[in-house]
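K.L.:
Starting off with a structure, shown below.
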Amino acid sequence: MKNISPQNKTSFGAFSFRTRLIVGSVFIAFIAIAAMGYYIYYRAQAESAYLTNQLDQSVQQHAEDELSAVSSEQANALNNFFASAKKDIVNLGSTTEKFFAQETILGTGTYWDATQQLYRLPNGSWDNQRSDVGSVFIPASVELSDPLNQELNTLKQLDFVAPTFLKSNPDAIAVYFGGGPGETIYYPNIDLASLVPPDFDITKRPWFVKAAPAQNPSHAPVWSDPYLDAAQNGLVITGSVPVFDSRGNFRGVAAMDFQLNRITALVSNIKVGETGYAFLVDKDKRLIAMPPAAYADLGIAPDAFPLGQPLDQTKAPPQIPAYFWTILTSISTGQSGLETISINGIERFVVYRPVPEIGYGLAIIVPSHELLTGSIAAKEQIAQSSKNTLVLSGLLVAAILLVSLIAALTLGNRLARPLGELTRTAEEIASGNLEAKAEVHGQDEIGVLAAAFNVMTSRLRNTLLGLEQRVAERTSELQIANQKNERRARQFEAIAQVGRAINSIRGTEELLPKIASVISEQFGYYHVGIFLNDENDFLTYLTAANSEGGQKMLARGHNLRVGEQGIVGNVAGTGQPRIASSVGQDAAYFNNPDLPETKSEMALPLRSAGKVVGVLDVQSTEENAFSDEDVSVLNTLADQVTLAIDNARLYESTRRSLEEAEALYRQYLRQAWSRLPREQQLAGYRYTPRGAAPLDAPVSLDKDQEQTHTRLTVPIKLRGELIGNLVIQSQDNRNWSQDQIDLVEAVAERVALSAENARLFDETSRRAERERIVTEITSKIRSTNDPDEMIRTALDELRNALGATQVQLIPQAINVSQDNQHEIYSSTPQDTKDGQRGNGAKK
């Protein structure tokens with residue numbers, strides 16, 4: 001055997017091959033396992049950090065989206081409130097302008113006469129009766145003139161519409177009008193003249209000045225600053241709009257007072273998270289609504305900052321951070337945004353949205369940790385999972401090292417090839433291929449080591465897949481929540497659209513199809529139909545539908561027997577809602593060939609004054625399509641549909657009654673004016689520089705006379721009925737200007753009113769004279785108890801009243817020439833003159 005030098009004995013080559021193989025195998029295994037453990041640790045830490053960061057971003061984005069959705073929804077609700085109020089103000093102004101357009105008719109005092117209804121108070125101002133619908137106040141410095149009386153008579157037509165405005169809007173507390181001369185008409189009647197000083201000038205009020213054309217050239221509705229109402233109505237604002245007549249003349253300002261109690265309650269009820277709250281300010285940073293939680297959180301007292309007063313930084317406590325006032329400036333200037341701020345040492349989200357209809361700003365403040373609770377729990381779970389993975393990996397590494405050492409000691413020679421394969425497998429795993437598997441050769445240590453590698457990689461894969469699955473589940477839950485919110489928003493939009501349709505459409509022929517279409521579009525239902533019962537509640541008729549099958553049913557006049565046919569007939573008869581989650585299992589379901597795809601159906605009764613007037617029928621192509629939320633919202637829509645039907649029917653009935661009254665009045669005018677020329681024997685009047693004279697014959701309206709005179713003929717009409725013509729002739733040929741024609745037409749209108757007043761006065765006078773004569777004759781007849789004397793007195797008085805030469809009373813069915821045994825009473829001037837009343841008057 002070759003001698004080994006001392007130097008070689010100290011080197012690694014001095015050991016035996018087995019030892020070197022064992023040492024080398026163990027060293028290689030240790031290096032591979034250490035590298036794999038380090039990689040696993042590094043990958044676990046990196047994946048944990050990545051998942052935590054992604055989770056933080058997802059939860060943060062979800063929190064911001066939730067805040068944005070809530071703030072936008074609440075801001076839209078507030079904006080809709082003021083938009084609805086503004087619409088009422090515009091309707092009030094347009095209604096008043098329509099009254100002014102008919103001032104020549106309405107101002108005559110037929111309904112209410114200012115000259116009879118107004119009286120002066122001891123302080124000089126003018127007042128009206130407390131029993132009137134609205135208060136009337138005129139300053140002491142204003143005298144009642146004919147134009148002012150006519151204007152007041154016209155404005156009192158608001159008695160018929162102002163109470164409706166107050167009743168239709170529960171937040172409206174007053175409707176009033178201020179005129180240019182200084183008069184005020186106020187609803188309800190609060191005896192305004194007794195509450196204001198006699199020199200009270202309505203034209204100097206801020207709401208009047210702000211709406212008048214001088215400061216409002218666009219003539220748009222304007223809003224006043226909020227103020228606390230003296231009548232304990234809370235915070236109040238005034239909306240006003242200028243009013244013009246048909247000639248474009250400014251006549252005054254119409255206004256409505258709205259209490260903001262519902263707005264205050266709405267803002268106070270906004271809850272986000274556990275302690276989140278909202279508040280509302282105007283453009284001048286005045287508080288419109290702030291709940292107690294906001295006062296407590298900001299450390300301010302309600303007495304120091306009451307509603308209607310601005311949030312002043314100089315008066316606020318120092319613990320409110322300066323950045324809050326910067327955010328408040330953005331809120332009051334109508335901006336939108338999402339900020340983060342620390343208040344009282346707690347980080348908070350601040351989201352704000354404008355209310356553009358009135359210029360307010362809505363802000364919502366919520367602690368950030370209340371919206372990120374899910375993120376904190378998830379990060380703790382990820383950290384715990386990573387820790388468990390590292391512990392398990394350490395245990396696996398230790399086990400592998402132990403197995404490698406034992407295998408190297410016992411099977412050194414057999415380990416060379418299997419260990420090489422195992423090393424390559426470990427390298428694949430270290431490179432990120434967790435799908436790699438070690439081949440197991442037999443049941444020895446190397447096979448166990450290979451199996452351990454496979455178990456380890458399998459557990460790593462399961463761990464990572466579990467993390468990914470949990471993230472996917474959280475993402476799915478967020479998507480489901482978003483879908484529910486979107487569906488809820490569509491449902492509220494459907495209610496809003498139905499409400500707008502009710503306010504803008506009067507006829508059921510147009511309104512009901514619109515409602516059916518809106519419900520179908522917003523809820524995604526296959527078929528929506530509206531049935532109305534007949535007068536006898538025997539049949540219910542399909543009145544509106546959105547589907548193609550529903551249109552066919554409408555075309556053929558589809559109807560069902562109440563209480564007998566189908567789900568709709570059952571609901572129309574019982575008045576109880578019915579839902580068929582699966583129509584095939586419902587005994588009352590009617591299989592309609594025009595709607596073959598129906599899988600589920602819901603019918604809701606339409607009630608008016610406790611009576612079922614129809615049915616709202618909704619059908620879907622899916623089974624179990626109606627959730628509890630759908631039923632609740634559709635019940636609300638059913639109530640709105642009933643309200644729309646009642647309003648449309650009332651409107652149609654009122655319109656027909658008005659048309660009938662106008663037709664009867666025009667017929668009366670035609671008859672009265674057609675009798676007048678015969679009774680008066682009057683063809684008209686001619687007016688010349690020499691004076692006025694009656695016409696002997698009607699004026700010819702032939703165009704032939706225009707060869708020598710230029711003639712202008714304007715019809716004289718009264719409520720649309722022609723009662724005469726105003727004819728103007730000029731000696732010189734001229735072209736009549738439009739201003740001259742307008743002047744003549746205006747004169748013709750006043751001639752019509754004056755002539756009608758004269759005719760009515762003459763008719764009343766003649767009726768009074770007849771009553772007087774009848775009363776005198778009756779008194780003279782009753783002065784005696786002798787029947788013959790009563791008859792003779794009646795004949796004498798009747799002859800004198802009629803100017804007749806002879807009056808006779810002949811008993812019925814008596815032939816005078818053949819029967820002289822009966823008495824005939826007569827009265828002539830000779831009888832009275834000769835005193836023969838007793839003998840000569842009886843034959």
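Identifiers in the structure tokens: chain A, B, ... in order shown; residue index from 1 per chain; ligand index from 1 in order shown.
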May I have the residues within 10 Å of range 326-338 of chain A as an MDAnalysis selection string, using only C-alpha atoms and disregarding those fewer than 4 positions away in the same chain?
P.N.:
chainID A and resid 64 67:68 71:72 280:286 311 321:322 349:356 359:365
K.L.:
Mind dumping the selected residues with N, CA, C and O atoms as a compact mmCIF listing (two decimals), in the first residue's frame?
P.N.:
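Resulting contents of result.txt:
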# COMPACT_ATOMS: atom_id res chain seq x y z
N GLU A 64 -63.45 53.27 0.37
CA GLU A 64 -63.66 54.54 -0.34
C GLU A 64 -64.87 54.46 -1.26
O GLU A 64 -65.66 55.42 -1.34
N LEU A 67 -67.98 54.67 0.92
CA LEU A 67 -68.22 56.05 1.36
C LEU A 67 -68.73 56.92 0.21
O LEU A 67 -69.65 57.73 0.38
N SER A 68 -68.10 56.75 -0.96
CA SER A 68 -68.53 57.55 -2.11
C SER A 68 -69.97 57.23 -2.49
O SER A 68 -70.76 58.14 -2.79
N SER A 71 -72.30 58.69 0.24
CA SER A 71 -72.39 60.15 0.17
C SER A 71 -73.13 60.61 -1.07
O SER A 71 -73.94 61.54 -1.01
N SER A 72 -72.88 59.94 -2.22
CA SER A 72 -73.59 60.33 -3.45
C SER A 72 -75.07 60.06 -3.33
O SER A 72 -75.91 60.87 -3.75
N LEU A 280 -74.38 68.97 7.31
CA LEU A 280 -74.73 69.72 6.09
C LEU A 280 -74.50 71.20 6.35
O LEU A 280 -74.93 71.73 7.39
N VAL A 281 -73.78 71.87 5.42
CA VAL A 281 -73.54 73.31 5.52
C VAL A 281 -73.90 73.96 4.19
O VAL A 281 -73.98 73.31 3.15
N ASP A 282 -74.12 75.31 4.25
CA ASP A 282 -74.38 76.05 3.03
C ASP A 282 -73.10 76.72 2.55
O ASP A 282 -72.01 76.49 3.09
N LYS A 283 -73.24 77.57 1.53
CA LYS A 283 -72.06 78.19 0.91
C LYS A 283 -71.34 79.14 1.86
O LYS A 283 -70.17 79.46 1.66
N ASP A 284 -72.02 79.62 2.89
CA ASP A 284 -71.41 80.51 3.89
C ASP A 284 -71.00 79.76 5.14
O ASP A 284 -70.80 80.36 6.20
N LYS A 285 -70.90 78.43 5.06
CA LYS A 285 -70.50 77.56 6.16
C LYS A 285 -71.50 77.56 7.31
O LYS A 285 -71.17 77.19 8.43
N ARG A 286 -72.76 77.97 7.03
CA ARG A 286 -73.79 77.90 8.06
C ARG A 286 -74.23 76.45 8.23
O ARG A 286 -74.39 75.72 7.25
N LEU A 311 -70.02 77.95 11.00
CA LEU A 311 -68.93 77.36 11.76
C LEU A 311 -67.73 78.30 11.65
O LEU A 311 -67.09 78.40 10.60
N PRO A 321 -58.36 70.16 14.26
CA PRO A 321 -57.16 70.41 13.44
C PRO A 321 -57.42 71.46 12.37
O PRO A 321 -58.54 71.64 11.91
N ALA A 322 -56.33 72.16 11.99
CA ALA A 322 -56.45 73.24 11.00
C ALA A 322 -56.91 72.71 9.65
O ALA A 322 -57.60 73.41 8.90
N PHE A 349 -61.84 59.07 7.80
CA PHE A 349 -62.16 59.42 6.43
C PHE A 349 -63.18 60.56 6.44
O PHE A 349 -64.12 60.56 7.22
N VAL A 350 -62.97 61.54 5.55
CA VAL A 350 -63.94 62.63 5.35
C VAL A 350 -64.30 62.65 3.86
O VAL A 350 -63.45 62.94 3.02
N VAL A 351 -65.56 62.30 3.55
CA VAL A 351 -66.03 62.34 2.17
C VAL A 351 -67.10 63.43 2.07
O VAL A 351 -67.93 63.58 2.97
N TYR A 352 -67.04 64.23 1.01
CA TYR A 352 -68.01 65.32 0.88
C TYR A 352 -68.48 65.40 -0.57
O TYR A 352 -67.75 65.11 -1.51
N ARG A 353 -69.77 65.77 -0.69
CA ARG A 353 -70.44 65.90 -1.98
C ARG A 353 -71.31 67.15 -1.96
O ARG A 353 -71.87 67.53 -0.92
N PRO A 354 -71.46 67.82 -3.11
CA PRO A 354 -72.32 69.02 -3.16
C PRO A 354 -73.79 68.65 -3.34
O PRO A 354 -74.13 67.56 -3.81
N VAL A 355 -74.65 69.56 -2.94
CA VAL A 355 -76.09 69.50 -3.23
C VAL A 355 -76.36 70.67 -4.17
O VAL A 355 -76.71 71.78 -3.74
N PRO A 356 -76.15 70.49 -5.50
CA PRO A 356 -76.11 71.62 -6.43
C PRO A 356 -77.42 72.38 -6.55
O PRO A 356 -77.40 73.56 -6.90
N GLY A 359 -76.93 74.66 -3.44
CA GLY A 359 -75.61 75.16 -3.09
C GLY A 359 -75.13 74.73 -1.73
O GLY A 359 -74.26 75.38 -1.17
N TYR A 360 -75.67 73.63 -1.17
CA TYR A 360 -75.21 73.12 0.10
C TYR A 360 -74.12 72.08 -0.11
O TYR A 360 -73.89 71.61 -1.24
N GLY A 361 -73.44 71.72 0.97
CA GLY A 361 -72.43 70.68 0.92
C GLY A 361 -72.67 69.65 2.01
O GLY A 361 -72.89 70.01 3.17
N LEU A 362 -72.61 68.36 1.65
CA LEU A 362 -72.82 67.25 2.60
C LEU A 362 -71.48 66.59 2.89
O LEU A 362 -70.74 66.25 1.96
N ALA A 363 -71.17 66.41 4.17
CA ALA A 363 -69.91 65.76 4.58
C ALA A 363 -70.23 64.57 5.49
O ALA A 363 -71.14 64.63 6.30
N ILE A 364 -69.45 63.48 5.31
CA ILE A 364 -69.58 62.28 6.15
C ILE A 364 -68.21 61.99 6.74
O ILE A 364 -67.21 61.93 6.01
N ILE A 365 -68.15 61.84 8.07
CA ILE A 365 -66.89 61.56 8.77
C ILE A 365 -67.04 60.22 9.49
O ILE A 365 -68.02 60.00 10.21
K.L.:
Tell me, as a ChimeraX atom specification, which residues lie within 7 Å of range 731-742 of chain A, counting only C-alpha atoms; anything in the same chain fewer than 2 positions away does not count.
P.N.:
/A:709-710,729,744-746
K.L.:
Take the residues just selected and output them with N, CA and C atoms as a PDB file, in the first residue's frame.
P.N.:
ATOM      1  N   HIS A 709    -113.829 104.533 -48.064  1.00  0.00           N
ATOM      2  CA  HIS A 709    -113.398 104.682 -46.675  1.00  0.00           C
ATOM      3  C   HIS A 709    -112.492 103.519 -46.307  1.00  0.00           C
ATOM      4  N   THR A 710    -111.533 103.855 -45.475  1.00  0.00           N
ATOM      5  CA  THR A 710    -110.699 102.789 -44.892  1.00  0.00           C
ATOM      6  C   THR A 710    -111.340 102.342 -43.590  1.00  0.00           C
ATOM      7  N   GLN A 729    -114.182 103.793 -39.034  1.00  0.00           N
ATOM      8  CA  GLN A 729    -114.041 104.267 -40.407  1.00  0.00           C
ATOM      9  C   GLN A 729    -113.274 105.585 -40.415  1.00  0.00           C
ATOM     10  N   VAL A 744    -107.368  99.040 -30.502  1.00  0.00           N
ATOM     11  CA  VAL A 744    -108.790  98.831 -30.778  1.00  0.00           C
ATOM     12  C   VAL A 744    -109.254  97.499 -30.165  1.00  0.00           C
ATOM     13  N   GLU A 745    -108.413  96.459 -30.259  1.00  0.00           N
ATOM     14  CA  GLU A 745    -108.794  95.169 -29.680  1.00  0.00           C
ATOM     15  C   GLU A 745    -108.917  95.267 -28.155  1.00  0.00           C
ATOM     16  N   ALA A 746    -108.001  96.029 -27.527  1.00  0.00           N
ATOM     17  CA  ALA A 746    -108.105  96.213 -26.077  1.00  0.00           C
ATOM     18  C   ALA A 746    -109.391  96.945 -25.711  1.00  0.00           C
TER      19      ALA A 746
END
K.L.:
Go through A:Ala648, A:Ala603, A:Ala172, A:Ile185 and flag the residue nearest Leu511 in chain A, using only C-alpha atoms for the distances.
P.N.:
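Answer, going by the shortest atom-to-atom distance: A:Ala648.
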K.L.:
Kindly indicate which residue among A:Ala211, A:Gly107, A:Glu477, A:Ser826 lies nearest to Gln806 in chain A, using only C-alpha atoms for the distances.
P.N.:
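Counting only C-alpha atoms, the residue closest to Gln806 in chain A is A:Ser826.
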K.L.:
Can you check which residues of range 427-637 of chain A DSSP gives as strand (DSSP E or B) on the backbone and send them as a ChimeraX atom specification?
P.N.:
/A:527-533,539-545,559-561,578-580,600-608,611-620
K.L.:
Just give me the gap between CA of Ala438 in chain A and CA of Asn388 in chain A in Å, one decimal is fine.
P.N.:
23.9 Å
K.L.:
Between CA of Thr540 in chain A and CA of Leu650 in chain A, measure the distance and give it in Å to one decimal.
P.N.:
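A separation of 20.3 Å between them.
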K.L.:
Quick one: distance from CA of Thr275 in chain A to CA of Ile320 in chain A in Å, one decimal?
P.N.:
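The value is 17.7 Å.
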K.L.:
Please provide the set of residues having any atom within 8 Å of Gly569 in chain A, restricted to only C-alpha atoms, with same-chain residues fewer than 5 positions apart removed, written as a PDB file with N, CA and C atoms, in the first residue's frame.
P.N.:
ATOM      1  N   THR A 540    -111.969  42.913 -14.581  1.00  0.00           N
ATOM      2  CA  THR A 540    -110.807  43.781 -14.479  1.00  0.00           C
ATOM      3  C   THR A 540    -110.091  43.764 -15.825  1.00  0.00           C
ATOM      4  N   LEU A 560    -110.323  39.869 -17.158  1.00  0.00           N
ATOM      5  CA  LEU A 560    -110.510  38.687 -16.318  1.00  0.00           C
ATOM      6  C   LEU A 560    -111.679  38.934 -15.367  1.00  0.00           C
ATOM      7  N   ARG A 561    -112.375  37.874 -15.018  1.00  0.00           N
ATOM      8  CA  ARG A 561    -113.478  38.005 -14.062  1.00  0.00           C
ATOM      9  C   ARG A 561    -112.905  38.160 -12.655  1.00  0.00           C
ATOM     10  N   VAL A 562    -113.382  39.163 -11.961  1.00  0.00           N
ATOM     11  CA  VAL A 562    -112.901  39.472 -10.619  1.00  0.00           C
ATOM     12  C   VAL A 562    -113.230  38.317  -9.674  1.00  0.00           C
ATOM     13  N   GLY A 563    -112.184  37.829  -8.976  1.00  0.00           N
ATOM     14  CA  GLY A 563    -112.362  36.775  -7.993  1.00  0.00           C
ATOM     15  C   GLY A 563    -112.418  35.380  -8.570  1.00  0.00           C
ATOM     16  N   GLU A 564    -112.315  35.235  -9.915  1.00  0.00           N
ATOM     17  CA  GLU A 564    -112.492  33.915 -10.512  1.00  0.00           C
ATOM     18  C   GLU A 564    -111.311  33.487 -11.372  1.00  0.00           C
TER      19      GLU A 564
END
K.L.:
Ser458 in chain A: which residues within 8 Å, counting only C-alpha atoms, same-chain residues fewer than 3 positions away excluded, as a count of residues only?
P.N.:
6
